[in-house]
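Structure below is entry-v9.txt: compact mmCIF, C-alpha atoms.
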# COMPACT_ATOMS: atom_id res chain seq x y z
CA MET A 1 36.16 -40.50 76.09
CA ARG A 2 39.07 -42.77 76.96
CA PHE A 3 38.87 -44.38 80.42
CA VAL A 4 35.13 -43.64 80.49
CA ASP A 5 33.62 -45.41 77.46
CA GLU A 6 35.38 -48.73 78.21
CA PHE A 7 33.65 -48.81 81.59
CA ARG A 8 30.21 -48.40 79.99
CA ASN A 9 30.46 -51.29 77.50
CA GLY A 10 27.01 -52.90 77.27
CA ALA A 11 28.16 -56.42 76.43
CA GLU A 12 30.60 -56.43 79.36
CA VAL A 13 27.84 -55.13 81.63
CA GLN A 14 25.58 -58.03 80.60
CA ARG A 15 28.36 -60.56 81.18
CA ARG A 16 29.10 -59.21 84.64
CA LEU A 17 25.43 -59.13 85.56
CA ALA A 18 25.26 -62.81 84.64
CA ASP A 19 28.28 -63.47 86.89
CA ILE A 20 26.54 -61.73 89.79
CA GLN A 21 23.35 -63.71 89.13
CA GLN A 22 25.30 -66.98 89.23
CA LEU A 23 27.08 -66.01 92.44
CA THR A 24 24.09 -64.86 94.47
CA HIS A 25 22.33 -67.58 96.49
CA ARG A 26 20.90 -65.56 99.36
CA PRO A 27 19.48 -62.06 99.91
CA CYS A 28 22.20 -59.39 100.24
CA THR A 29 21.71 -55.81 101.40
CA LEU A 30 24.40 -53.41 100.22
CA MET A 31 24.78 -49.66 100.56
CA GLU A 32 26.39 -47.40 98.00
CA VAL A 33 27.53 -44.48 100.10
CA CYS A 34 28.05 -41.83 97.45
CA GLY A 35 25.27 -39.88 95.75
CA GLY A 36 27.20 -39.99 92.48
CA GLN A 37 27.00 -43.77 92.64
CA THR A 38 23.26 -43.65 93.40
CA HIS A 39 22.77 -41.44 90.36
CA ALA A 40 24.77 -43.80 88.11
CA LEU A 41 22.98 -46.92 89.42
CA LEU A 42 19.58 -45.41 88.59
CA ARG A 43 20.69 -43.71 85.38
CA TYR A 44 21.98 -46.96 83.87
CA GLY A 45 19.15 -49.02 85.36
CA ILE A 46 21.60 -51.24 87.23
CA ASP A 47 19.29 -51.41 90.26
CA ARG A 48 16.66 -53.06 88.03
CA LEU A 49 19.04 -55.41 86.25
CA LEU A 50 20.45 -56.94 89.42
CA PRO A 51 19.00 -60.17 90.84
CA ASN A 52 15.92 -59.48 92.99
CA ASN A 53 17.63 -60.69 96.13
CA ILE A 54 20.27 -57.94 95.99
CA GLU A 55 18.95 -54.79 97.63
CA LEU A 56 20.81 -51.50 97.28
CA ILE A 57 20.26 -48.97 100.02
CA HIS A 58 21.16 -45.45 98.95
CA GLY A 59 23.47 -43.89 101.50
CA PRO A 60 24.04 -40.39 102.87
CA GLY A 61 26.82 -39.48 100.43
CA CYS A 62 25.22 -36.51 98.71
CA PRO A 63 26.62 -33.40 100.42
CA VAL A 64 23.80 -31.22 99.16
CA CYS A 65 21.33 -33.61 100.77
CA VAL A 66 22.98 -33.99 104.17
CA THR A 67 23.75 -30.29 104.69
CA ALA A 68 21.66 -29.23 107.68
CA ILE A 69 18.88 -26.66 107.15
CA GLU A 70 20.73 -24.42 109.62
CA SER A 71 23.69 -24.16 107.21
CA ILE A 72 21.34 -23.24 104.34
CA ASP A 73 19.79 -20.58 106.60
CA LYS A 74 23.27 -19.18 107.32
CA ALA A 75 23.97 -19.06 103.57
CA LEU A 76 20.70 -17.21 102.98
CA ALA A 77 21.47 -14.72 105.76
CA LEU A 78 24.99 -14.02 104.45
CA ALA A 79 23.90 -13.78 100.80
CA ALA A 80 21.26 -11.20 101.76
CA LEU A 81 23.83 -8.82 103.30
CA PRO A 82 24.44 -5.68 101.22
CA GLY A 83 27.54 -5.61 99.01
CA ILE A 84 28.25 -9.35 99.24
CA ILE A 85 29.06 -11.58 96.28
CA PHE A 86 27.90 -15.01 97.45
CA CYS A 87 29.34 -17.95 95.50
CA SER A 88 28.05 -21.50 95.55
CA PHE A 89 28.06 -24.73 93.58
CA GLY A 90 24.91 -24.82 91.45
CA ASP A 91 23.38 -27.74 93.36
CA MET A 92 22.97 -25.69 96.52
CA LEU A 93 20.97 -22.86 94.96
CA ARG A 94 17.59 -24.59 95.04
CA VAL A 95 17.84 -26.37 98.38
CA PRO A 96 15.06 -25.01 100.60
CA GLY A 97 16.08 -23.43 103.92
CA SER A 98 13.62 -22.48 106.63
CA SER A 99 12.31 -19.79 104.33
CA GLY A 100 13.15 -19.80 100.63
CA ASP A 101 16.27 -20.79 98.75
CA LEU A 102 19.32 -19.02 97.29
CA LEU A 103 17.88 -18.89 93.77
CA THR A 104 14.75 -17.10 94.99
CA LEU A 105 16.94 -14.70 96.95
CA LYS A 106 18.98 -14.05 93.79
CA ALA A 107 15.75 -13.18 91.96
CA THR A 108 15.13 -10.43 94.52
CA GLY A 109 18.48 -8.82 93.67
CA ALA A 110 21.09 -10.53 95.85
CA ASP A 111 24.43 -11.05 94.04
CA ILE A 112 24.57 -14.85 94.15
CA ARG A 113 26.83 -16.56 91.64
CA MET A 114 27.16 -20.18 90.64
CA VAL A 115 30.78 -21.25 90.33
CA TYR A 116 32.38 -24.45 89.07
CA SER A 117 35.35 -24.27 91.46
CA PRO A 118 36.15 -22.50 94.74
CA LEU A 119 39.28 -21.29 92.91
CA ASP A 120 36.96 -19.23 90.67
CA ALA A 121 35.59 -17.51 93.78
CA VAL A 122 39.16 -16.47 94.72
CA LYS A 123 39.54 -14.97 91.23
CA LEU A 124 36.29 -13.03 91.76
CA ALA A 125 37.62 -11.65 95.06
CA ALA A 126 40.83 -10.50 93.33
CA LEU A 127 38.78 -8.93 90.56
CA HIS A 128 36.47 -7.06 92.96
CA PRO A 129 38.64 -5.68 95.79
CA ASP A 130 35.82 -3.31 96.77
CA ARG A 131 33.38 -6.20 97.39
CA GLU A 132 33.38 -9.06 99.88
CA VAL A 133 33.19 -12.54 98.37
CA ILE A 134 31.89 -15.54 100.32
CA PHE A 135 32.14 -19.12 99.06
CA PHE A 136 29.69 -21.70 100.46
CA ALA A 137 32.01 -24.64 101.12
CA VAL A 138 29.96 -27.83 101.13
CA GLY A 139 31.08 -31.31 100.18
CA PHE A 140 32.97 -34.35 101.37
CA GLU A 141 36.71 -35.05 101.46
CA THR A 142 36.71 -35.02 97.64
CA THR A 143 35.78 -31.34 97.50
CA ALA A 144 37.55 -30.05 100.61
CA PRO A 145 41.07 -29.95 99.01
CA ALA A 146 39.89 -27.52 96.30
CA VAL A 147 38.45 -25.31 99.07
CA ALA A 148 41.67 -25.65 101.10
CA LEU A 149 43.65 -24.60 98.05
CA ALA A 150 41.34 -21.60 97.59
CA ALA A 151 42.04 -20.61 101.21
CA VAL A 152 45.81 -20.93 100.65
CA GLN A 153 45.59 -18.87 97.43
CA ALA A 154 43.60 -16.15 99.21
CA GLN A 155 46.33 -15.94 101.87
CA GLU A 156 49.14 -15.97 99.29
CA GLN A 157 47.47 -13.13 97.41
CA LYS A 158 46.84 -11.30 100.72
CA LEU A 159 43.17 -10.96 99.87
CA THR A 160 41.18 -9.46 102.74
CA ASN A 161 37.81 -9.77 100.98
CA PHE A 162 37.54 -13.57 100.56
CA PHE A 163 35.61 -15.66 103.08
CA LEU A 164 34.30 -19.18 103.50
CA LEU A 165 31.06 -20.47 104.97
CA VAL A 166 32.26 -23.98 105.80
CA ALA A 167 29.88 -26.95 106.03
CA HIS A 168 32.24 -29.76 104.98
CA VAL A 169 31.50 -33.29 106.11
CA ARG A 170 33.52 -36.52 106.41
CA VAL A 171 32.27 -39.92 105.27
CA PRO A 172 33.62 -42.41 107.87
CA PRO A 173 31.71 -41.00 110.90
CA ALA A 174 28.47 -41.23 108.89
CA ILE A 175 29.11 -44.87 108.00
CA GLU A 176 29.90 -45.60 111.63
CA ALA A 177 26.66 -43.89 112.76
CA LEU A 178 24.69 -46.06 110.32
CA LEU A 179 26.43 -49.23 111.51
CA LYS A 180 25.55 -48.38 115.11
CA ALA A 181 21.89 -47.53 114.35
CA ASP A 182 19.27 -50.04 115.48
CA TYR A 183 17.56 -49.81 112.07
CA ASN A 184 20.72 -50.76 110.19
CA ARG A 185 20.29 -53.58 107.66
CA VAL A 186 23.40 -52.92 105.57
CA GLU A 187 25.68 -55.97 105.27
CA ALA A 188 28.39 -54.48 103.01
CA PHE A 189 29.41 -51.07 101.69
CA LEU A 190 30.52 -49.71 98.34
CA ALA A 191 32.86 -46.94 99.56
CA ALA A 192 33.09 -43.70 97.60
CA GLY A 193 35.97 -43.85 95.12
CA HIS A 194 36.77 -40.16 94.95
CA VAL A 195 36.68 -39.60 98.72
CA CYS A 196 39.20 -42.46 98.98
CA THR A 197 41.27 -40.95 96.14
CA ILE A 198 42.00 -38.12 98.58
CA MET A 199 42.01 -39.95 101.92
CA GLY A 200 43.17 -43.46 101.00
CA HIS A 201 41.44 -46.41 102.63
CA GLY A 202 42.99 -46.60 106.10
CA GLU A 203 39.89 -45.26 107.87
CA TYR A 204 37.76 -47.90 106.14
CA GLU A 205 40.05 -50.75 107.17
CA THR A 206 39.33 -49.69 110.76
CA LEU A 207 35.56 -49.89 110.12
CA VAL A 208 35.94 -53.29 108.43
CA GLN A 209 37.70 -54.71 111.49
CA ARG A 210 35.58 -52.99 114.13
CA TYR A 211 32.20 -53.89 112.62
CA ARG A 212 33.20 -57.04 110.68
CA VAL A 213 31.65 -55.59 107.53
CA PRO A 214 32.93 -55.88 103.94
CA VAL A 215 33.88 -52.57 102.29
CA VAL A 216 34.78 -52.29 98.62
CA VAL A 217 36.19 -48.98 97.35
CA THR A 218 34.27 -48.47 94.11
CA GLY A 219 34.28 -46.14 91.10
CA PHE A 220 31.37 -44.52 89.31
CA GLU A 221 30.97 -46.14 85.90
CA PRO A 222 28.61 -49.10 85.31
CA LEU A 223 31.40 -51.69 85.22
CA ASP A 224 32.98 -50.21 88.34
CA LEU A 225 29.68 -50.45 90.19
CA LEU A 226 29.11 -54.03 89.05
CA ASN A 227 32.66 -54.94 90.09
CA GLY A 228 32.03 -53.42 93.52
CA ILE A 229 28.71 -55.23 93.90
CA TYR A 230 30.26 -58.54 92.77
CA ARG A 231 33.08 -58.23 95.29
CA CYS A 232 30.68 -57.36 98.14
CA VAL A 233 28.38 -60.29 97.34
CA ARG A 234 31.33 -62.66 97.04
CA GLN A 235 32.66 -61.63 100.46
CA LEU A 236 29.20 -62.12 102.02
CA HIS A 237 28.85 -65.58 100.47
CA GLU A 238 32.33 -66.59 101.60
CA GLY A 239 31.80 -65.20 105.11
CA ARG A 240 34.71 -62.74 104.77
CA HIS A 241 34.97 -59.10 105.79
CA GLU A 242 37.81 -57.31 104.08
CA LEU A 243 38.70 -53.99 102.53
CA GLU A 244 38.96 -54.36 98.75
CA ASN A 245 39.83 -51.65 96.26
CA GLU A 246 38.02 -51.90 92.93
CA TYR A 247 39.02 -48.37 91.86
CA ARG A 248 42.79 -48.77 91.75
CA ARG A 249 43.18 -46.56 88.71
CA SER A 250 42.42 -43.60 91.00
CA VAL A 251 42.74 -44.78 94.63
CA ARG A 252 46.09 -45.48 96.28
CA PRO A 253 46.12 -46.96 99.80
CA GLU A 254 47.54 -43.74 101.29
CA GLY A 255 45.37 -41.40 99.16
CA ASN A 256 46.75 -38.17 97.73
CA ALA A 257 49.58 -36.96 100.01
CA VAL A 258 49.57 -33.35 98.76
CA ALA A 259 45.80 -33.03 99.16
CA ARG A 260 45.91 -34.52 102.65
CA ARG A 261 48.63 -32.08 103.70
CA LEU A 262 46.45 -29.22 102.39
CA LEU A 263 43.50 -30.48 104.43
CA GLU A 264 45.63 -30.77 107.57
CA ALA A 265 46.91 -27.19 107.14
CA VAL A 266 43.55 -25.55 106.50
CA PHE A 267 41.01 -27.63 108.43
CA VAL A 268 40.44 -29.31 111.77
CA THR A 269 37.78 -31.94 112.47
CA VAL A 270 34.68 -30.57 114.18
CA GLU A 271 31.27 -31.76 115.30
CA ARG A 272 28.68 -31.32 112.53
CA ASP A 273 24.90 -31.59 112.16
CA TRP A 274 23.68 -33.91 109.40
CA ARG A 275 20.25 -34.07 107.91
CA GLY A 276 18.89 -37.48 108.86
CA LEU A 277 21.74 -38.45 111.17
CA GLY A 278 21.74 -35.56 113.64
CA ARG A 279 24.88 -34.19 115.29
CA LEU A 280 27.93 -36.43 114.86
CA PRO A 281 31.29 -35.89 116.61
CA GLU A 282 34.33 -35.30 114.38
CA SER A 283 32.13 -35.61 111.29
CA GLY A 284 32.88 -32.19 109.84
CA LEU A 285 35.77 -29.99 108.81
CA GLY A 286 36.09 -26.44 110.14
CA LEU A 287 38.81 -23.85 109.53
CA SER A 288 42.03 -24.32 111.53
CA PRO A 289 43.32 -21.47 113.75
CA ALA A 290 45.69 -20.29 110.97
CA PHE A 291 42.74 -19.71 108.63
CA GLN A 292 40.17 -18.33 111.09
CA SER A 293 40.36 -14.90 109.42
CA LEU A 294 38.57 -16.41 106.39
CA ASP A 295 35.60 -17.63 108.43
CA ALA A 296 32.48 -15.82 107.20
CA GLU A 297 30.67 -16.68 110.43
CA ASN A 298 33.30 -14.70 112.38
CA ARG A 299 33.49 -11.80 109.96
CA PHE A 300 29.76 -11.15 109.56
CA GLU A 301 27.18 -11.04 112.27
CA ILE A 302 24.27 -13.29 111.41
CA ARG A 303 21.75 -14.96 113.65
CA VAL A 304 20.15 -18.22 112.66
CA ALA A 305 17.80 -20.33 114.76
CA ARG A 306 18.62 -23.99 115.24
CA VAL A 307 16.09 -26.09 113.32
CA GLY A 308 15.46 -29.80 113.21
CA ASP A 309 14.66 -31.90 110.13
CA GLY A 310 10.88 -31.87 110.76
CA GLY A 311 8.16 -31.10 108.23
CA VAL A 312 6.58 -33.35 105.64
CA CYS A 313 9.91 -34.10 103.92
CA LEU A 314 11.18 -37.56 104.87
CA SER A 315 14.64 -37.06 103.34
CA GLY A 316 16.31 -37.98 106.63
CA LYS A 317 14.79 -41.45 106.43
CA VAL A 318 15.70 -41.75 102.74
CA LEU A 319 19.32 -40.78 103.47
CA THR A 320 19.67 -43.41 106.16
CA GLY A 321 18.09 -46.11 104.02
CA GLN A 322 15.01 -46.54 106.23
CA ILE A 323 12.66 -45.88 103.32
CA LYS A 324 12.94 -45.71 99.54
CA PRO A 325 11.85 -42.46 97.84
CA PRO A 326 8.52 -43.85 96.51
CA ASP A 327 7.56 -44.78 100.10
CA CYS A 328 7.29 -41.08 100.96
CA PRO A 329 3.68 -39.83 100.56
CA ALA A 330 4.93 -36.55 99.05
CA PHE A 331 7.13 -38.23 96.39
CA ALA A 332 6.12 -37.24 92.84
CA ALA A 333 2.98 -35.64 94.27
CA ARG A 334 3.65 -32.53 96.37
CA CYS A 335 7.40 -33.00 95.95
CA THR A 336 8.93 -32.88 92.46
CA PRO A 337 12.23 -31.53 91.05
CA GLU A 338 10.36 -28.36 89.98
CA HIS A 339 8.94 -27.89 93.49
CA PRO A 340 11.20 -29.81 95.86
CA LEU A 341 10.29 -30.10 99.54
CA GLY A 342 13.76 -31.31 100.48
CA ALA A 343 17.34 -31.65 99.35
CA THR A 344 17.11 -35.26 98.15
CA MET A 345 14.73 -34.05 95.41
CA VAL A 346 16.88 -31.02 94.53
CA SER A 347 20.29 -32.48 93.93
CA THR A 348 20.74 -34.58 90.81
CA GLU A 349 22.56 -36.99 93.10
CA GLY A 350 19.75 -37.12 95.63
CA ALA A 351 17.98 -40.47 95.77
CA CYS A 352 14.53 -38.87 95.29
CA ALA A 353 15.58 -36.93 92.18
CA ALA A 354 17.27 -40.03 90.75
CA TYR A 355 14.11 -42.12 91.21
CA TYR A 356 11.99 -39.31 89.77
CA HIS A 357 14.15 -38.87 86.66
CA TYR A 358 15.00 -42.46 85.89
CA GLN A 359 11.92 -44.30 87.04
CA GLY A 360 9.58 -41.67 85.65
CA GLY A 361 8.26 -40.58 89.02
CA GLN A 362 6.35 -43.85 89.11
CA VAL A 363 5.00 -44.66 92.52
CA ASN A 364 5.98 -48.24 93.14
CA ARG A 365 5.64 -48.62 96.84
CA CYS A 366 7.21 -51.46 98.76
CA GLN A 367 4.61 -53.92 99.96
CA MET B 368 28.88 -33.73 93.91
CA CYS B 369 31.93 -35.95 94.11
CA LEU B 370 31.74 -36.28 90.34
CA ALA B 371 35.25 -36.28 88.91
CA ILE B 372 36.17 -37.11 85.35
CA PRO B 373 39.37 -38.18 83.60
CA GLY B 374 40.96 -35.84 81.09
CA GLN B 375 44.33 -35.78 79.30
CA ILE B 376 46.89 -33.08 80.02
CA ILE B 377 47.86 -31.35 76.77
CA SER B 378 50.18 -28.69 78.20
CA LEU B 379 51.50 -27.32 81.46
CA GLY B 380 51.15 -23.66 82.39
CA GLU B 381 53.26 -21.40 84.53
CA THR B 382 53.85 -22.11 88.20
CA ALA B 383 53.36 -19.39 90.80
CA GLY B 384 52.87 -20.44 94.42
CA SER B 385 49.85 -22.74 94.58
CA CYS B 386 48.82 -21.85 91.00
CA LEU B 387 50.24 -24.87 89.16
CA SER B 388 48.02 -25.20 86.14
CA GLY B 389 47.65 -27.10 82.91
CA LYS B 390 45.32 -27.43 79.95
CA VAL B 391 43.33 -30.64 80.10
CA ARG B 392 41.23 -32.17 77.33
CA PHE B 393 37.88 -33.81 78.18
CA GLY B 394 36.58 -35.17 74.87
CA ALA B 395 36.07 -32.05 72.73
CA ILE B 396 36.42 -29.63 75.63
CA ILE B 397 39.68 -28.12 76.86
CA LYS B 398 39.79 -26.60 80.34
CA GLU B 399 42.37 -24.99 82.57
CA VAL B 400 42.89 -27.26 85.60
CA ASN B 401 44.89 -26.73 88.79
CA LEU B 402 47.55 -29.45 89.14
CA PHE B 403 48.85 -28.52 92.61
CA CYS B 404 47.83 -31.89 94.10
CA THR B 405 49.33 -33.91 91.21
CA PRO B 406 52.80 -32.32 90.81
CA GLU B 407 54.12 -35.51 89.16
CA ALA B 408 51.71 -35.16 86.20
CA VAL B 409 53.17 -34.50 82.75
CA PRO B 410 51.55 -33.83 79.35
CA GLY B 411 50.00 -37.04 78.01
CA ASP B 412 48.96 -38.22 81.48
CA TYR B 413 45.30 -38.58 82.35
CA VAL B 414 44.21 -36.80 85.52
CA ILE B 415 40.96 -37.16 87.46
CA VAL B 416 39.50 -33.69 87.92
CA HIS B 417 37.01 -32.46 90.50
CA ALA B 418 35.91 -28.82 90.94
CA GLY B 419 38.81 -27.48 88.89
CA LEU B 420 41.46 -29.47 90.76
CA ALA B 421 43.20 -32.66 89.59
CA ILE B 422 42.94 -35.12 92.49
CA ALA B 423 44.82 -38.09 90.99
CA VAL B 424 46.93 -39.15 88.04
CA LEU B 425 45.02 -42.03 86.47
CA ASP B 426 46.98 -45.28 86.66
CA GLN B 427 46.56 -46.60 83.12
CA GLU B 428 47.88 -50.10 83.91
CA GLU B 429 45.33 -50.49 86.71
CA ALA B 430 42.56 -49.22 84.42
CA VAL B 431 43.31 -51.93 81.88
CA ALA B 432 43.79 -54.56 84.58
CA VAL B 433 40.40 -53.99 86.20
CA LEU B 434 38.65 -54.51 82.88
CA ASP B 435 40.10 -58.03 82.85
CA THR B 436 39.53 -58.69 86.54
CA PHE B 437 35.93 -59.71 86.41
CA ALA B 438 36.46 -62.49 83.91
CA GLU B 439 39.26 -63.85 86.09
CA MET B 440 37.12 -63.66 89.21
CA ALA B 441 34.20 -65.36 87.52
CA SER B 442 36.33 -68.22 86.26
CA SER B 443 38.21 -68.71 89.56

Is it possible to express this structure as structure tokens?
Amino acid sequence: MRFVDEFRNGAEVQRRLADIQQLTHRPCTLMEVCGGQTHALLRYGIDRLLPNNIELIHGPGCPVCVTAIESIDKALALAALPGIIFCSFGDMLRVPGSSGDLLTLKATGADIRMVYSPLDAVKLAALHPDREVIFFAVGFETTAPAVALAAVQAQEQKLTNFFLLVAHVRVPPAIEALLKADYNRVEAFLAAGHVCTIMGHGEYETLVQRYRVPVVVTGFEPLDLLNGIYRCVRQLHEGRHELENEYRRSVRPEGNAVARRLLEAVFVTVERDWRGLGRLPESGLGLSPAFQSLDAENRFEIRVARVGDGGVCLSGKVLTGQIKPPDCPAFAARCTPEHPLGATMVSTEGACAAYYHYQGGQVNRCQ
Amino acid sequence: MCLAIPGQIISLGETAGSCLSGKVRFGAIIKEVNLFCTPEAVPGDYVIVHAGLAIAVLDQEEAVAVLDTFAEMASS
């Protein structure tokens, strides 16, 4: 495919790896924020091809992984109500809540449907006026505009049977929480290219200045990732901290104006619980007053207990870069993609699943 | 989940409110995509699509430029 294949050219990848090797004279610790980038780094083996003194910490940018157990429990409670059509992205179906997951609930007869787009859930609501349709809105700023558009379409079509369970999250507060944490070792960030496609890079310039940390907006193909890594390492070696944009073919400084206007109309920033990071102020998106009538939590009465991360799953520590997946005692033993204990093993973008798939579940613990 | 892939617009559909759609080709697959957030897009353009919504028109000049960037950086 054009504009994909060129960015996977093996010879170019080798040449750029050699450039990085030549440039790197001291240990560098970088974080790729987005789960899609983690997946690509492991899938193409880039983590293993880089010089040993470049460490990549896999950040909290997989929405499936950071969604709090409480939100999964709310989804399970809503999906179990009689007469409901509960719609979700496929990734969320196998994430364990306090008891069970959506796929298991579906097997007992609940009408749970996997959709590719929130816009498809609006079509379902129009098609089934006698049923109530709920869409489980998870995801970062990349995904939120499609959900916002679904909300606008539902209002335009005067649908009274379409609702949203909103658990959207925003990237910058999570990066800031990591930078403030006493365990933080990250010296430079690869920022998520598609989040910035929507939002632009203004918020990241603020982080660069406030924390004197290099940030490079980066795409998702092997050459994009190597470009991002090269630029981060070069800034660290030159003692600079700047915002650079490697993914200019998609990211404009101001982002996508139409999408941002949609977000401003439909959502307001709210406090949100994150797996691994806890409750962060202004780190989530909730429905604005004009769209409150779509809020599934208002429309349906459900009670869900507040639960912490807890348990044997160490995904919170994986998401914050404190440990690598093979350091978890359950990894590839009690916890596998077939029987996941936590979200980082469920989602294809979760660090645990990526290590399991692309490093063969080999236990290669850090010494 | 933030996976988004480039595809080429082959035709534009009808516009009704926020339903601005087009047919977009991804390799051998053609899909209906909502173009509300990329109103400037015309057939022949490449758009970056996530969850059924085009989120950017791909800047072809920048795409070519970045492929040359690394060599320039390495030799500078």

All residues 9 Å or closer to Thr218 (chain A), all atoms listed in the file, same chain fewer than 5 positions away omitted, as a PyMOL selection string: chain A and resi 32+37+190-194+224-225+227-229+244-248

Which of B:Ala383, B:Leu434, B:Pro406, B:Glu399 sits closest to Ala418 (chain B) [using only C-alpha atoms]: B:Glu399

Given a cut-off of 8 Å, which residues of chain B touch chain A, counting only C-alpha atoms, written out as a PDB file with C-alpha atoms, in the frame of the given file?
ATOM      1  CA  MET B 368      28.880 -33.730  93.910  1.00  0.00           C
ATOM      2  CA  CYS B 369      31.930 -35.950  94.110  1.00  0.00           C
ATOM      3  CA  LEU B 370      31.740 -36.280  90.340  1.00  0.00           C
ATOM      4  CA  ALA B 371      35.250 -36.280  88.910  1.00  0.00           C
ATOM      5  CA  PRO B 373      39.370 -38.180  83.600  1.00  0.00           C
ATOM      6  CA  GLY B 384      52.870 -20.440  94.420  1.00  0.00           C
ATOM      7  CA  SER B 385      49.850 -22.740  94.580  1.00  0.00           C
ATOM      8  CA  CYS B 386      48.820 -21.850  91.000  1.00  0.00           C
ATOM      9  CA  PHE B 393      37.880 -33.810  78.180  1.00  0.00           C
ATOM     10  CA  GLY B 394      36.580 -35.170  74.870  1.00  0.00           C
ATOM     11  CA  PHE B 403      48.850 -28.520  92.610  1.00  0.00           C
ATOM     12  CA  CYS B 404      47.830 -31.890  94.100  1.00  0.00           C
ATOM     13  CA  THR B 405      49.330 -33.910  91.210  1.00  0.00           C
ATOM     14  CA  ILE B 415      40.960 -37.160  87.460  1.00  0.00           C
ATOM     15  CA  HIS B 417      37.010 -32.460  90.500  1.00  0.00           C
ATOM     16  CA  ALA B 418      35.910 -28.820  90.940  1.00  0.00           C
ATOM     17  CA  GLY B 419      38.810 -27.480  88.890  1.00  0.00           C
ATOM     18  CA  LEU B 420      41.460 -29.470  90.760  1.00  0.00           C
ATOM     19  CA  ILE B 422      42.940 -35.120  92.490  1.00  0.00           C
ATOM     20  CA  ALA B 423      44.820 -38.090  90.990  1.00  0.00           C
ATOM     21  CA  VAL B 424      46.930 -39.150  88.040  1.00  0.00           C
ATOM     22  CA  LEU B 425      45.020 -42.030  86.470  1.00  0.00           C
ATOM     23  CA  ASP B 426      46.980 -45.280  86.660  1.00  0.00           C
ATOM     24  CA  GLN B 427      46.560 -46.600  83.120  1.00  0.00           C
ATOM     25  CA  GLU B 428      47.880 -50.100  83.910  1.00  0.00           C
ATOM     26  CA  GLU B 429      45.330 -50.490  86.710  1.00  0.00           C
ATOM     27  CA  ALA B 430      42.560 -49.220  84.420  1.00  0.00           C
ATOM     28  CA  VAL B 433      40.400 -53.990  86.200  1.00  0.00           C
ATOM     29  CA  LEU B 434      38.650 -54.510  82.880  1.00  0.00           C
ATOM     30  CA  PHE B 437      35.930 -59.710  86.410  1.00  0.00           C
ATOM     31  CA  ALA B 441      34.200 -65.360  87.520  1.00  0.00           C
TER      32      ALA B 441
END

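In this structure, CA of Ala265 (chain A) sits 10.1 Å away from CA of Ala151 (chain A).
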
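Atom to atom, CA of Gly286 (chain A) and CA of Ala351 (chain A) stand 27.0 Å apart.
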
Add whatever atoms are absent from region 37-49 of chain A to reach N, CA and C atoms, and provide the output as a PDB file, in the coordinates of the input.
ATOM      1  N   GLN A  37      27.227 -42.355  92.947  1.00  0.00           N
ATOM      2  CA  GLN A  37      27.000 -43.770  92.640  1.00  0.00           C
ATOM      3  C   GLN A  37      25.501 -44.071  92.558  1.00  0.00           C
ATOM      4  N   THR A  38      24.715 -43.478  93.457  1.00  0.00           N
ATOM      5  CA  THR A  38      23.260 -43.650  93.400  1.00  0.00           C
ATOM      6  C   THR A  38      22.746 -43.198  92.044  1.00  0.00           C
ATOM      7  N   HIS A  39      23.198 -42.017  91.633  1.00  0.00           N
ATOM      8  CA  HIS A  39      22.770 -41.440  90.360  1.00  0.00           C
ATOM      9  C   HIS A  39      23.105 -42.397  89.206  1.00  0.00           C
ATOM     10  N   ALA A  40      24.349 -42.905  89.197  1.00  0.00           N
ATOM     11  CA  ALA A  40      24.770 -43.800  88.110  1.00  0.00           C
ATOM     12  C   ALA A  40      23.981 -45.115  88.129  1.00  0.00           C
ATOM     13  N   LEU A  41      23.729 -45.656  89.308  1.00  0.00           N
ATOM     14  CA  LEU A  41      22.980 -46.920  89.420  1.00  0.00           C
ATOM     15  C   LEU A  41      21.580 -46.786  88.829  1.00  0.00           C
ATOM     16  N   LEU A  42      20.935 -45.641  89.093  1.00  0.00           N
ATOM     17  CA  LEU A  42      19.580 -45.410  88.590  1.00  0.00           C
ATOM     18  C   LEU A  42      19.619 -45.033  87.117  1.00  0.00           C
ATOM     19  N   ARG A  43      20.591 -44.192  86.756  1.00  0.00           N
ATOM     20  CA  ARG A  43      20.690 -43.710  85.380  1.00  0.00           C
ATOM     21  C   ARG A  43      20.867 -44.871  84.400  1.00  0.00           C
ATOM     22  N   TYR A  44      21.722 -45.834  84.769  1.00  0.00           N
ATOM     23  CA  TYR A  44      21.980 -46.960  83.870  1.00  0.00           C
ATOM     24  C   TYR A  44      21.043 -48.143  84.145  1.00  0.00           C
ATOM     25  N   GLY A  45      20.123 -47.973  85.093  1.00  0.00           N
ATOM     26  CA  GLY A  45      19.150 -49.020  85.360  1.00  0.00           C
ATOM     27  C   GLY A  45      19.747 -50.242  86.041  1.00  0.00           C
ATOM     28  N   ILE A  46      20.923 -50.088  86.630  1.00  0.00           N
ATOM     29  CA  ILE A  46      21.600 -51.240  87.230  1.00  0.00           C
ATOM     30  C   ILE A  46      20.784 -51.814  88.387  1.00  0.00           C
ATOM     31  N   ASP A  47      20.108 -50.929  89.138  1.00  0.00           N
ATOM     32  CA  ASP A  47      19.290 -51.410  90.260  1.00  0.00           C
ATOM     33  C   ASP A  47      18.216 -52.380  89.786  1.00  0.00           C
ATOM     34  N   ARG A  48      17.727 -52.192  88.558  1.00  0.00           N
ATOM     35  CA  ARG A  48      16.660 -53.060  88.030  1.00  0.00           C
ATOM     36  C   ARG A  48      17.194 -54.301  87.344  1.00  0.00           C
ATOM     37  N   LEU A  49      18.463 -54.265  86.959  1.00  0.00           N
ATOM     38  CA  LEU A  49      19.040 -55.410  86.250  1.00  0.00           C
ATOM     39  C   LEU A  49      19.631 -56.443  87.205  1.00  0.00           C
TER      40      LEU A  49
END
